$ cat input.cif   # mmCIF, C-alpha atoms
data_upload
#
loop_
_atom_site.label_atom_id
_atom_site.label_comp_id
_atom_site.auth_asym_id
_atom_site.auth_seq_id
_atom_site.Cartn_x
_atom_site.Cartn_y
_atom_site.Cartn_z
CA MET A 1 -13.46 -16.30 2.71
CA LYS A 2 -14.21 -13.20 0.67
CA ARG A 3 -15.88 -10.12 2.14
CA LEU A 4 -17.76 -7.50 0.18
CA ILE A 5 -16.25 -4.02 0.33
CA GLU A 6 -18.22 -1.11 -1.10
CA THR A 7 -16.10 0.40 -3.86
CA LYS A 8 -16.55 3.65 -5.73
CA ILE A 9 -14.93 4.66 -9.01
CA VAL A 10 -13.89 8.30 -8.45
CA ASN A 11 -12.07 8.74 -11.76
CA PRO A 12 -13.82 7.49 -14.93
CA LEU A 13 -10.43 6.50 -16.40
CA LEU A 14 -10.51 3.48 -14.09
CA GLU A 15 -13.36 1.99 -16.13
CA LYS A 16 -11.09 2.20 -19.19
CA TYR A 17 -8.09 0.64 -17.42
CA GLY A 18 -10.08 -1.94 -15.45
CA VAL A 19 -11.16 -2.17 -11.83
CA PRO A 20 -8.52 -3.88 -9.64
CA ALA A 21 -8.95 -7.62 -9.33
CA TYR A 22 -7.02 -10.57 -7.98
CA LYS A 23 -4.84 -11.96 -10.79
CA THR A 24 -4.67 -15.54 -9.46
CA PRO A 25 -6.71 -17.55 -6.93
CA GLY A 26 -3.80 -17.34 -4.46
CA SER A 27 -3.16 -13.61 -4.80
CA ALA A 28 -3.12 -11.73 -1.49
CA GLY A 29 -3.32 -8.28 -3.09
CA LEU A 30 -5.26 -6.52 -5.80
CA ASP A 31 -3.14 -4.51 -8.24
CA LEU A 32 -3.76 -0.76 -8.06
CA ILE A 33 -3.72 1.10 -11.37
CA ALA A 34 -2.15 4.47 -12.24
CA CYS A 35 -5.33 6.34 -13.07
CA ILE A 36 -3.69 9.15 -15.06
CA ASP A 37 -4.32 10.74 -18.47
CA ASP A 38 -0.69 11.10 -19.49
CA PRO A 39 2.63 9.54 -18.52
CA VAL A 40 4.20 10.90 -15.33
CA ILE A 41 7.96 11.19 -14.85
CA ILE A 42 9.39 10.41 -11.41
CA PRO A 43 13.01 11.61 -11.29
CA GLY A 44 15.57 9.51 -9.44
CA GLY A 45 15.35 10.01 -5.69
CA LYS A 46 11.92 11.71 -5.85
CA ASN A 47 8.33 10.92 -4.84
CA TYR A 48 5.13 11.42 -6.80
CA LEU A 49 1.52 10.92 -5.69
CA ILE A 50 -0.45 8.86 -8.22
CA GLY A 51 -4.23 8.55 -8.03
CA THR A 52 -5.82 5.13 -8.45
CA GLY A 53 -9.36 6.24 -9.31
CA LEU A 54 -10.67 4.04 -6.51
CA ALA A 55 -12.29 4.70 -3.12
CA VAL A 56 -13.42 2.06 -0.64
CA ASN A 57 -15.85 1.97 2.26
CA ILE A 58 -14.34 -0.65 4.57
CA GLN A 59 -16.85 0.14 7.37
CA ASP A 60 -15.29 -2.37 9.78
CA PRO A 61 -12.69 -0.87 12.18
CA GLY A 62 -11.35 -4.42 12.48
CA LEU A 63 -10.03 -4.16 8.90
CA VAL A 64 -7.44 -1.98 7.21
CA ALA A 65 -6.42 -1.74 3.56
CA VAL A 66 -2.66 -1.69 3.10
CA VAL A 67 -0.93 -0.28 0.01
CA ALA A 68 2.24 -2.28 -0.71
CA SER A 69 4.91 -2.21 -3.40
CA ARG A 70 4.82 -4.53 -6.40
CA SER A 71 7.92 -6.70 -6.16
CA GLY A 72 8.66 -6.71 -9.90
CA LEU A 73 8.44 -2.92 -10.15
CA CYS A 74 10.82 -2.56 -7.22
CA LEU A 75 13.29 -5.20 -8.43
CA ASN A 76 13.34 -4.19 -12.09
CA SER A 77 12.88 -0.41 -11.86
CA GLN A 78 13.73 0.55 -8.25
CA VAL A 79 10.25 2.07 -7.81
CA ARG A 80 8.36 1.33 -4.58
CA VAL A 81 5.67 2.68 -2.27
CA GLY A 82 7.38 5.72 -0.78
CA GLN A 83 6.46 5.39 2.88
CA GLY A 84 6.99 1.64 3.01
CA LEU A 85 3.34 0.75 3.44
CA GLY A 86 0.33 2.97 2.94
CA VAL A 87 -2.60 2.68 5.33
CA VAL A 88 -6.21 3.14 4.24
CA ASP A 89 -8.22 3.41 7.45
CA SER A 90 -11.71 1.94 7.69
CA ASP A 91 -13.29 5.40 7.90
CA TYR A 92 -11.43 6.98 4.93
CA HIS A 93 -13.66 7.44 1.89
CA GLY A 94 -11.40 9.42 -0.46
CA GLU A 95 -9.46 8.28 -3.49
CA ILE A 96 -6.66 5.88 -2.71
CA GLY A 97 -3.40 7.52 -3.69
CA VAL A 98 -0.03 5.82 -4.01
CA ILE A 99 3.15 7.69 -3.12
CA LEU A 100 5.68 6.18 -5.52
CA HIS A 101 9.37 6.68 -4.81
CA ASN A 102 12.10 6.19 -7.39
CA ASP A 103 15.19 4.77 -5.66
CA GLY A 104 17.06 4.67 -8.97
CA GLU A 105 19.21 7.35 -10.56
CA ASP A 106 17.31 7.43 -13.86
CA ASP A 107 13.85 8.89 -14.38
CA TYR A 108 10.99 6.41 -14.22
CA VAL A 109 7.97 6.99 -16.45
CA VAL A 110 4.63 5.82 -15.03
CA GLN A 111 2.32 4.93 -17.87
CA PRO A 112 -1.47 5.46 -17.77
CA GLY A 113 -3.13 2.23 -16.66
CA GLU A 114 0.12 0.76 -15.29
CA ARG A 115 -0.13 -1.51 -12.25
CA ILE A 116 1.79 0.48 -9.61
CA ALA A 117 1.07 -1.10 -6.20
CA GLN A 118 -0.94 -3.76 -4.40
CA LEU A 119 -3.91 -3.35 -2.07
CA LEU A 120 -4.24 -5.89 0.74
CA PHE A 121 -6.97 -6.12 3.36
CA MET A 122 -5.78 -7.12 6.83
CA PRO A 123 -7.19 -7.46 10.34
CA VAL A 124 -6.60 -4.70 12.89
CA VAL A 125 -6.43 -4.95 16.66
CA GLN A 126 -6.90 -1.64 18.46
CA VAL A 127 -5.40 -1.41 21.94
CA ASP A 128 -5.38 0.79 25.01
CA PHE A 129 -2.02 1.50 26.64
CA LYS A 130 -1.55 0.60 30.30
CA ILE A 131 1.41 2.62 31.61
CA VAL A 132 3.62 0.57 33.97
CA ASP A 133 7.01 1.01 35.65
CA SER A 134 8.08 -2.51 34.67
CA PHE A 135 6.62 -5.34 32.61
CA THR A 136 4.88 -8.26 34.26
CA THR A 137 6.88 -10.79 32.21
CA VAL A 138 10.62 -11.21 31.69
CA THR A 139 12.14 -12.58 28.46
CA ASP A 140 15.63 -13.82 27.59
CA ARG A 141 15.85 -11.13 24.92
CA GLY A 142 14.73 -8.22 27.07
CA ALA A 143 15.45 -4.93 25.31
CA GLY A 144 18.08 -6.47 23.00
CA GLY A 145 17.60 -5.55 19.37
CA PHE A 146 19.25 -4.10 16.28
CA GLY A 147 21.50 -7.09 15.59
CA HIS A 148 22.21 -8.10 19.18
CA THR A 149 22.26 -11.80 18.22
CA GLY A 150 24.93 -11.33 15.54
CA ARG A 151 24.95 -11.86 11.79
CA HIS A 152 25.49 -15.63 11.55
#

$ encode --input "input.cif" --output "structure tokens"
Amino acid sequence: MKRLIETKIVNPLLEKYGVPAYKTPGSAGLDLIACIDDPVIIPGGKNYLIGTGLAVNIQDPGLVAVVASRSGLCLNSQVRVGQGLGVVDSDYHGEIGVILHNDGEDDYVVQPGERIAQLLFMPVVQVDFKIVDSFTTVTDRGAGGFGHTGRH
């Protein structure tokens, strides 16, 4: 089921490079484009904020847009979304920016119009916290974490 999301082009370069679209019928994410005039160099170990030329009006607080890395860019060039996942809240109307991080040692050159990240739309559940002294349910795992079940 597709939903309509109001979308605004905030950088005219995006019209030249093409508005993000799903590349296959089974694609979960739309590819975000580096909406830049000239190539940008990201030195090894550094971050750089790249504009996408796109703004969205999600309107529904039950939805969030998530900016995720492109697997091929990460595998082949060691470049990923810097904070892990970027969150575009339903009430944010500004340009979507992608913080790219270069995990490699060599410089990475982002080319104008390059596909740099993916944008996924996902459901959100907002909660209220109820402060308690102990939980009402007990699990076998309890507070065990961080490898407590071993490696094999």

$ resolve_selection --input "input.cif" --expression "the PyMOL selection byres ((chain A and resi 77) around 12)" --output "list in words"
Ile42, Gly44, Ser69, Arg70, Ser71, Gly72, Leu73, Cys74, Leu75, Asn76, Gln78, Val79, Arg80, Leu100, His101, Asn102, Asp103, Gly104, Glu105, Asp106, Asp107, Tyr108, Val109, Val110 and Ile116 of chain A

$ atom_distance --input "input.cif" --atom1 "CA of Ala117 in chain A" --atom2 "CA of Lys2 in chain A"
20.7 Å

$ closest_residue --input "input.cif" --among "A:Asn11, A:Asn57, A:Ser90, A:Ser27" --to "Leu120 in chain A" --atoms "all atoms listed in the file"
A:Ser27

$ atom_distance --input "input.cif" --atom1 "CA of Ile99 in chain A" --atom2 "CA of Asn47 in chain A"
6.3 Å

$ residues_near_point --input "input.cif" --point "(-3.9, 9.0, -8.7)" --cutoff "7 Å" --atoms "all atoms listed in the file" --output "list in words"
Ala34, Cys35, Ile36, Leu49, Ile50, Gly51, Thr52, Gly53, Gly97 and Val98 of chain A

$ write_last_selection --input "input.cif" --atoms "C-alpha atoms" --output "compact mmCIF listing (two decimals), in the coordinates of the input"
# COMPACT_ATOMS: atom_id res chain seq x y z
CA ALA A 34 -2.15 4.47 -12.24
CA CYS A 35 -5.33 6.34 -13.07
CA ILE A 36 -3.69 9.15 -15.06
CA LEU A 49 1.52 10.92 -5.69
CA ILE A 50 -0.45 8.86 -8.22
CA GLY A 51 -4.23 8.55 -8.03
CA THR A 52 -5.82 5.13 -8.45
CA GLY A 53 -9.36 6.24 -9.31
CA GLY A 97 -3.40 7.52 -3.69
CA VAL A 98 -0.03 5.82 -4.01

$ residues_around --input "input.cif" --residues "Leu4 in chain A" --least-positions-apart "5" --cutoff "12 Å" --atoms "only C-alpha atoms" --output "CSV table (one decimal) with C-alpha atoms, in the frame of the given file"
chain,number,residue,atom,x,y,z
A,56,VAL,CA,-13.4,2.1,-0.6
A,57,ASN,CA,-15.8,2.0,2.3
A,58,ILE,CA,-14.3,-0.6,4.6
A,59,GLN,CA,-16.8,0.1,7.4
A,60,ASP,CA,-15.3,-2.4,9.8
A,121,PHE,CA,-7.0,-6.1,3.4

$ atom_distance --input "input.cif" --atom1 "CA of Gly94 in chain A" --atom2 "CA of Val40 in chain A"
21.6 Å

$ closest_residue --input "input.cif" --among "A:Ala55, A:Leu13, A:Met122, A:Ile96" --to "Ala28 in chain A" --atoms "only C-alpha atoms"
A:Met122

$ resolve_selection --input "input.cif" --expression "the PyMOL selection byres ((chain A and resi 30-32) around 6)" --output "PyMOL selection string"
chain A and resi 20-22+29+33+115-119

$ closest_atom_pairs --input "input.cif" --of "range 8-120 of chain A" --to "range 125-139 of chain A" --cutoff "10 Å" --atoms "all atoms listed in the file" --output "Markdown table"
| residue | atom | partner | partner_atom | distance |
| --- | --- | --- | --- | --- |
| A:Pro61 | CA | A:Gln126 | CA | 8.6 |
| A:Gly62 | CA | A:Val125 | CA | 6.5 |
| A:Leu63 | CA | A:Val125 | CA | 8.6 |
| A:Val64 | CA | A:Val125 | CA | 10.0 |

$ resolve_selection --input "input.cif" --expression "the PyMOL selection byres ((chain A and resi 112) around 6)" --output "list in words"
Ala34, Ile36, Asp38, Pro39, Gln111, Gly113 and Glu114 of chain A
